[in-house]
$ cat input22.pdb   # PDB, C-alpha atoms, pLDDT in the B column
MODEL        1
ATOM      1  CA  ALA A   9     132.237 101.625 128.825  1.00 71.00           C
ATOM      2  CA  ALA A  10     128.589 101.741 127.892  1.00 72.00           C
ATOM      3  CA  ALA A  11     128.018 104.945 129.878  1.00 84.00           C
ATOM      4  CA  ASP A  12     130.886 106.667 128.037  1.00 89.00           C
ATOM      5  CA  ARG A  13     129.478 105.547 124.685  1.00 92.00           C
ATOM      6  CA  LEU A  14     126.018 106.820 125.619  1.00 94.00           C
ATOM      7  CA  ALA A  15     127.434 110.161 126.786  1.00 92.00           C
ATOM      8  CA  ALA A  16     129.273 110.542 123.468  1.00 95.00           C
ATOM      9  CA  GLN A  17     126.096 109.695 121.544  1.00 96.00           C
ATOM     10  CA  VAL A  18     124.100 112.257 123.513  1.00 96.00           C
ATOM     11  CA  ALA A  19     126.799 114.887 122.937  1.00 95.00           C
ATOM     12  CA  ARG A  20     126.706 114.268 119.178  1.00 95.00           C
ATOM     13  CA  ALA A  21     122.894 114.281 119.187  1.00 96.00           C
ATOM     14  CA  ALA A  22     122.760 117.521 121.176  1.00 95.00           C
ATOM     15  CA  ALA A  23     125.156 119.148 118.695  1.00 95.00           C
ATOM     16  CA  ALA A  24     122.931 117.996 115.821  1.00 95.00           C
ATOM     17  CA  LEU A  25     119.863 119.370 117.604  1.00 95.00           C
ATOM     18  CA  ARG A  26     121.582 122.720 118.135  1.00 95.00           C
ATOM     19  CA  ALA A  27     122.276 122.832 114.382  1.00 94.00           C
ATOM     20  CA  ALA A  28     118.625 122.031 113.531  1.00 93.00           C
ATOM     21  CA  ASP A  29     115.929 124.653 113.035  1.00 90.00           C
ATOM     22  CA  LEU A  30     114.373 124.474 116.515  1.00 95.00           C
ATOM     23  CA  LEU A  31     112.377 126.981 118.538  1.00 96.00           C
ATOM     24  CA  LYS A  32     114.572 126.360 121.602  1.00 95.00           C
ATOM     25  CA  PRO A  33     117.790 124.427 120.935  1.00 94.00           C
ATOM     26  CA  PRO A  34     119.136 122.411 123.873  1.00 94.00           C
ATOM     27  CA  GLY A  35     121.843 123.755 126.135  1.00 93.00           C
ATOM     28  CA  VAL A  36     124.273 121.911 128.336  1.00 93.00           C
ATOM     29  CA  ALA A  37     121.798 121.566 131.225  1.00 93.00           C
ATOM     30  CA  GLU A  38     119.170 119.985 128.973  1.00 93.00           C
ATOM     31  CA  SER A  39     121.754 117.617 127.518  1.00 93.00           C
ATOM     32  CA  LEU A  40     122.751 116.506 131.015  1.00 92.00           C
ATOM     33  CA  ASP A  41     119.071 116.018 131.941  1.00 91.00           C
ATOM     34  CA  TRP A  42     118.606 113.911 128.823  1.00 94.00           C
ATOM     35  CA  THR A  43     121.622 111.756 129.660  1.00 93.00           C
ATOM     36  CA  GLU A  44     120.322 111.243 133.198  1.00 91.00           C
ATOM     37  CA  ALA A  45     116.897 110.220 131.865  1.00 92.00           C
ATOM     38  CA  LEU A  46     118.466 107.699 129.488  1.00 95.00           C
ATOM     39  CA  VAL A  47     120.670 106.244 132.219  1.00 92.00           C
ATOM     40  CA  ALA A  48     117.692 106.006 134.610  1.00 92.00           C
ATOM     41  CA  LEU A  49     115.839 103.990 131.974  1.00 94.00           C
ATOM     42  CA  GLY A  50     118.803 101.668 131.486  1.00 94.00           C
ATOM     43  CA  VAL A  51     119.440 102.791 127.915  1.00 95.00           C
ATOM     44  CA  ARG A  52     122.841 101.694 126.613  1.00 94.00           C
ATOM     45  CA  ASP A  53     122.677 103.134 123.092  1.00 94.00           C
ATOM     46  CA  LEU A  54     120.737 106.117 121.778  1.00 95.00           C
ATOM     47  CA  ASP A  55     118.328 104.840 119.140  1.00 94.00           C
ATOM     48  CA  PRO A  56     115.100 106.239 117.646  1.00 93.00           C
ATOM     49  CA  ASP A  57     112.909 104.550 120.274  1.00 94.00           C
ATOM     50  CA  SER A  58     114.903 105.675 123.303  1.00 95.00           C
ATOM     51  CA  ALA A  59     115.257 109.167 121.828  1.00 94.00           C
ATOM     52  CA  ALA A  60     111.520 109.436 121.166  1.00 92.00           C
ATOM     53  CA  ARG A  61     110.726 108.326 124.736  1.00 93.00           C
ATOM     54  CA  THR A  62     113.112 110.811 126.342  1.00 94.00           C
ATOM     55  CA  LEU A  63     113.413 113.793 124.001  1.00 93.00           C
ATOM     56  CA  GLY A  64     111.064 115.757 126.262  1.00 91.00           C
ATOM     57  CA  ALA A  65     113.965 116.044 128.714  1.00 90.00           C
ATOM     58  CA  VAL A  66     115.932 118.060 126.187  1.00 92.00           C
ATOM     59  CA  LEU A  67     113.299 119.671 123.948  1.00 94.00           C
ATOM     60  CA  LYS A  68     110.301 121.340 125.568  1.00 91.00           C
ATOM     61  CA  TYR A  69     108.135 122.043 122.502  1.00 94.00           C
ATOM     62  CA  ARG A  70     106.268 119.327 120.589  1.00 92.00           C
ATOM     63  CA  GLU A  71     107.313 120.868 117.270  1.00 94.00           C
ATOM     64  CA  ASP A  72     110.950 120.752 118.348  1.00 96.00           C
ATOM     65  CA  ARG A  73     110.645 117.099 119.371  1.00 93.00           C
ATOM     66  CA  GLU A  74     109.271 116.199 115.931  1.00 91.00           C
ATOM     67  CA  ARG A  75     111.969 118.208 114.116  1.00 93.00           C
ATOM     68  CA  GLY A  76     114.610 116.874 116.479  1.00 94.00           C
ATOM     69  CA  LEU A  77     113.799 113.226 115.813  1.00 92.00           C
ATOM     70  CA  ALA A  78     113.875 113.907 112.079  1.00 91.00           C
ATOM     71  CA  ALA A  79     117.215 115.705 112.399  1.00 91.00           C
ATOM     72  CA  LEU A  80     118.718 112.856 114.405  1.00 92.00           C
ATOM     73  CA  PHE A  81     117.412 109.833 112.543  1.00 88.00           C
ATOM     74  CA  ASP A  82     116.067 110.896 109.147  1.00 85.00           C
ATOM     75  CA  GLY A  83     119.100 112.797 107.965  1.00 67.00           C
ATOM     76  CA  GLY A  84     117.767 116.255 108.848  1.00 59.00           C
TER      77      GLY A  84
ENDMDL
END
$ encode --input "input22.pdb" --output "C-alpha cells"
Amino acid sequence: AAADRLAAQVARAAAALRAADLLKPPGVAESLDWTEALVALGVRDLDPDSAARTLGAVLKYREDRERGLAALFDGG
C-alpha cells in the first residue's frame, strides 16, 4: 500500500538523517511526526519537494534541514 511504502521511505530517510552530521538527529517521535505531516498533506512518495516542505517536523534547526536535504537527496 502507498502508506506502507511512505512509512518505509521515512524510516530509511530518518536512518540516513541519524547518520548525517546534524546538531539534533531525529528520534522516533520526530520520525512519526514527519510521517503524520506527509500523510496529512497527501504525500504518497517522499521526494525532494515533499521532504523540503515537511522537514521542519523532524529537524528543528535550519542548518540541520539544509544538511538533511543534502544527505537525503545529494548523496550526503
$ closest_residue --input "input22.pdb" --among "A:Arg61, A:Arg75, A:Arg52, A:Lys68" --to "Ala10 (chain A)" --atoms "all atoms listed in the file"
A:Arg52
$ residues_around --input "input22.pdb" --residues "Val18 (chain A)" --least-positions-apart "3" --cutoff "10 Å" --atoms "all atoms listed in the file" --output "PyMOL selection string"
chain A and resi 12-15+21-24+39-40+42-43+46+53-54+59
$ closest_residue --input "input22.pdb" --among "A:Thr62, A:Ala9, A:Ala19, A:Leu67" --to "Leu49 (chain A)" --atoms "all atoms listed in the file"
A:Thr62
$ atom_distance --input "input22.pdb" --atom1 "CA of Ala28 (chain A)" --atom2 "CA of Ala48 (chain A)"
26.5 Å
$ atom_distance --input "input22.pdb" --atom1 "CA of Val66 (chain A)" --atom2 "CA of Asp29 (chain A)"
14.7 Å
$ atom_distance --input "input22.pdb" --atom1 "CA of Arg26 (chain A)" --atom2 "CA of Gly50 (chain A)"
25.1 Å
$ axis_aligned_box --input "input22.pdb" --around "region 56-59 of chain A" --padding-each-side "6 Å" --output "JSON"
{"center_x": 114.1, "center_y": 106.9, "center_z": 120.5, "size_x": 14.3, "size_y": 16.6, "size_z": 17.7}
$ closest_residue --input "input22.pdb" --among "A:Ala16, A:Leu30, A:Leu77, A:Val51" --to "Leu63 (chain A)" --atoms "only C-alpha atoms"
A:Leu77
$ residues_around --input "input22.pdb" --residues "Ala27 (chain A)" --least-positions-apart "5" --cutoff "12 Å" --atoms "all atoms listed in the file" --output "ChimeraX atom specification"
/A:20-22,32-35,75-76,79-80,84
$ closest_residue --input "input22.pdb" --among "A:Asp41, A:Leu31, A:Arg73, A:Phe81" --to "Pro56 (chain A)" --atoms "all atoms listed in the file"
A:Phe81
$ build_atoms --input "input22.pdb" --residues "region 24-47 of chain A" --atoms "N, CA, C and O atoms" --output "CSV table (one decimal), in the frame of the given file"
chain,number,residue,atom,x,y,z
A,24,ALA,N,123.8,118.0,117.0
A,24,ALA,CA,122.9,118.0,115.8
A,24,ALA,C,121.6,118.8,116.1
A,24,ALA,O,121.1,119.5,115.2
A,25,LEU,N,121.1,118.6,117.3
A,25,LEU,CA,119.9,119.4,117.6
A,25,LEU,C,120.1,120.9,117.6
A,25,LEU,O,119.3,121.7,117.2
A,26,ARG,N,121.3,121.3,118.1
A,26,ARG,CA,121.6,122.7,118.1
A,26,ARG,C,121.7,123.3,116.7
A,26,ARG,O,121.5,124.4,116.5
A,27,ALA,N,122.1,122.4,115.8
A,27,ALA,CA,122.3,122.8,114.4
A,27,ALA,C,120.9,122.8,113.6
A,27,ALA,O,120.8,123.4,112.5
A,28,ALA,N,119.9,122.1,114.2
A,28,ALA,CA,118.6,122.0,113.5
A,28,ALA,C,117.8,123.3,113.7
A,28,ALA,O,118.1,124.1,114.6
A,29,ASP,N,116.8,123.5,113.0
A,29,ASP,CA,115.9,124.7,113.0
A,29,ASP,C,114.9,124.4,114.1
A,29,ASP,O,113.7,124.1,113.8
A,30,LEU,N,115.3,124.7,115.4
A,30,LEU,CA,114.4,124.5,116.5
A,30,LEU,C,114.0,125.8,117.2
A,30,LEU,O,114.7,126.8,117.1
A,31,LEU,N,112.8,125.8,117.8
A,31,LEU,CA,112.4,127.0,118.5
A,31,LEU,C,113.3,127.3,119.7
A,31,LEU,O,113.6,128.4,120.0
A,32,LYS,N,113.7,126.2,120.4
A,32,LYS,CA,114.6,126.4,121.6
A,32,LYS,C,115.6,125.2,121.6
A,32,LYS,O,115.4,124.1,122.1
A,33,PRO,N,116.8,125.5,121.0
A,33,PRO,CA,117.8,124.4,120.9
A,33,PRO,C,118.3,124.1,122.3
A,33,PRO,O,118.2,124.9,123.2
A,34,PRO,N,118.7,122.8,122.5
A,34,PRO,CA,119.1,122.4,123.9
A,34,PRO,C,120.5,123.0,124.3
A,34,PRO,O,121.4,123.2,123.5
A,35,GLY,N,120.6,123.3,125.6
A,35,GLY,CA,121.8,123.8,126.1
A,35,GLY,C,122.5,122.6,126.9
A,35,GLY,O,122.0,121.5,126.8
A,36,VAL,N,123.5,122.9,127.6
A,36,VAL,CA,124.3,121.9,128.3
A,36,VAL,C,123.4,121.3,129.4
A,36,VAL,O,123.4,120.1,129.6
A,37,ALA,N,122.6,122.1,130.1
A,37,ALA,CA,121.8,121.6,131.2
A,37,ALA,C,120.8,120.6,130.7
A,37,ALA,O,120.6,119.5,131.3
A,38,GLU,N,120.2,120.9,129.6
A,38,GLU,CA,119.2,120.0,129.0
A,38,GLU,C,119.8,118.7,128.5
A,38,GLU,O,119.3,117.6,128.6
A,39,SER,N,121.0,118.8,128.0
A,39,SER,CA,121.8,117.6,127.5
A,39,SER,C,122.1,116.7,128.7
A,39,SER,O,122.0,115.5,128.6
A,40,LEU,N,122.5,117.3,129.8
A,40,LEU,CA,122.8,116.5,131.0
A,40,LEU,C,121.5,115.9,131.5
A,40,LEU,O,121.5,114.7,131.9
A,41,ASP,N,120.4,116.6,131.5
A,41,ASP,CA,119.1,116.0,131.9
A,41,ASP,C,118.7,114.8,131.1
A,41,ASP,O,118.2,113.8,131.5
A,42,TRP,N,118.9,115.0,129.8
A,42,TRP,CA,118.6,113.9,128.8
A,42,TRP,C,119.4,112.7,129.1
A,42,TRP,O,118.9,111.6,129.2
A,43,THR,N,120.7,112.9,129.3
A,43,THR,CA,121.6,111.8,129.7
A,43,THR,C,121.2,111.1,130.9
A,43,THR,O,121.1,109.8,131.0
A,44,GLU,N,120.8,111.8,131.9
A,44,GLU,CA,120.3,111.2,133.2
A,44,GLU,C,119.0,110.4,133.0
A,44,GLU,O,118.9,109.4,133.6
A,45,ALA,N,118.1,110.9,132.2
A,45,ALA,CA,116.9,110.2,131.9
A,45,ALA,C,117.2,108.9,131.2
A,45,ALA,O,116.6,107.9,131.5
A,46,LEU,N,118.1,108.9,130.2
A,46,LEU,CA,118.5,107.7,129.5
A,46,LEU,C,119.1,106.7,130.4
A,46,LEU,O,118.8,105.5,130.4
A,47,VAL,N,120.0,107.1,131.3
A,47,VAL,CA,120.7,106.2,132.2
A,47,VAL,C,119.6,105.7,133.2
A,47,VAL,O,119.7,104.5,133.5
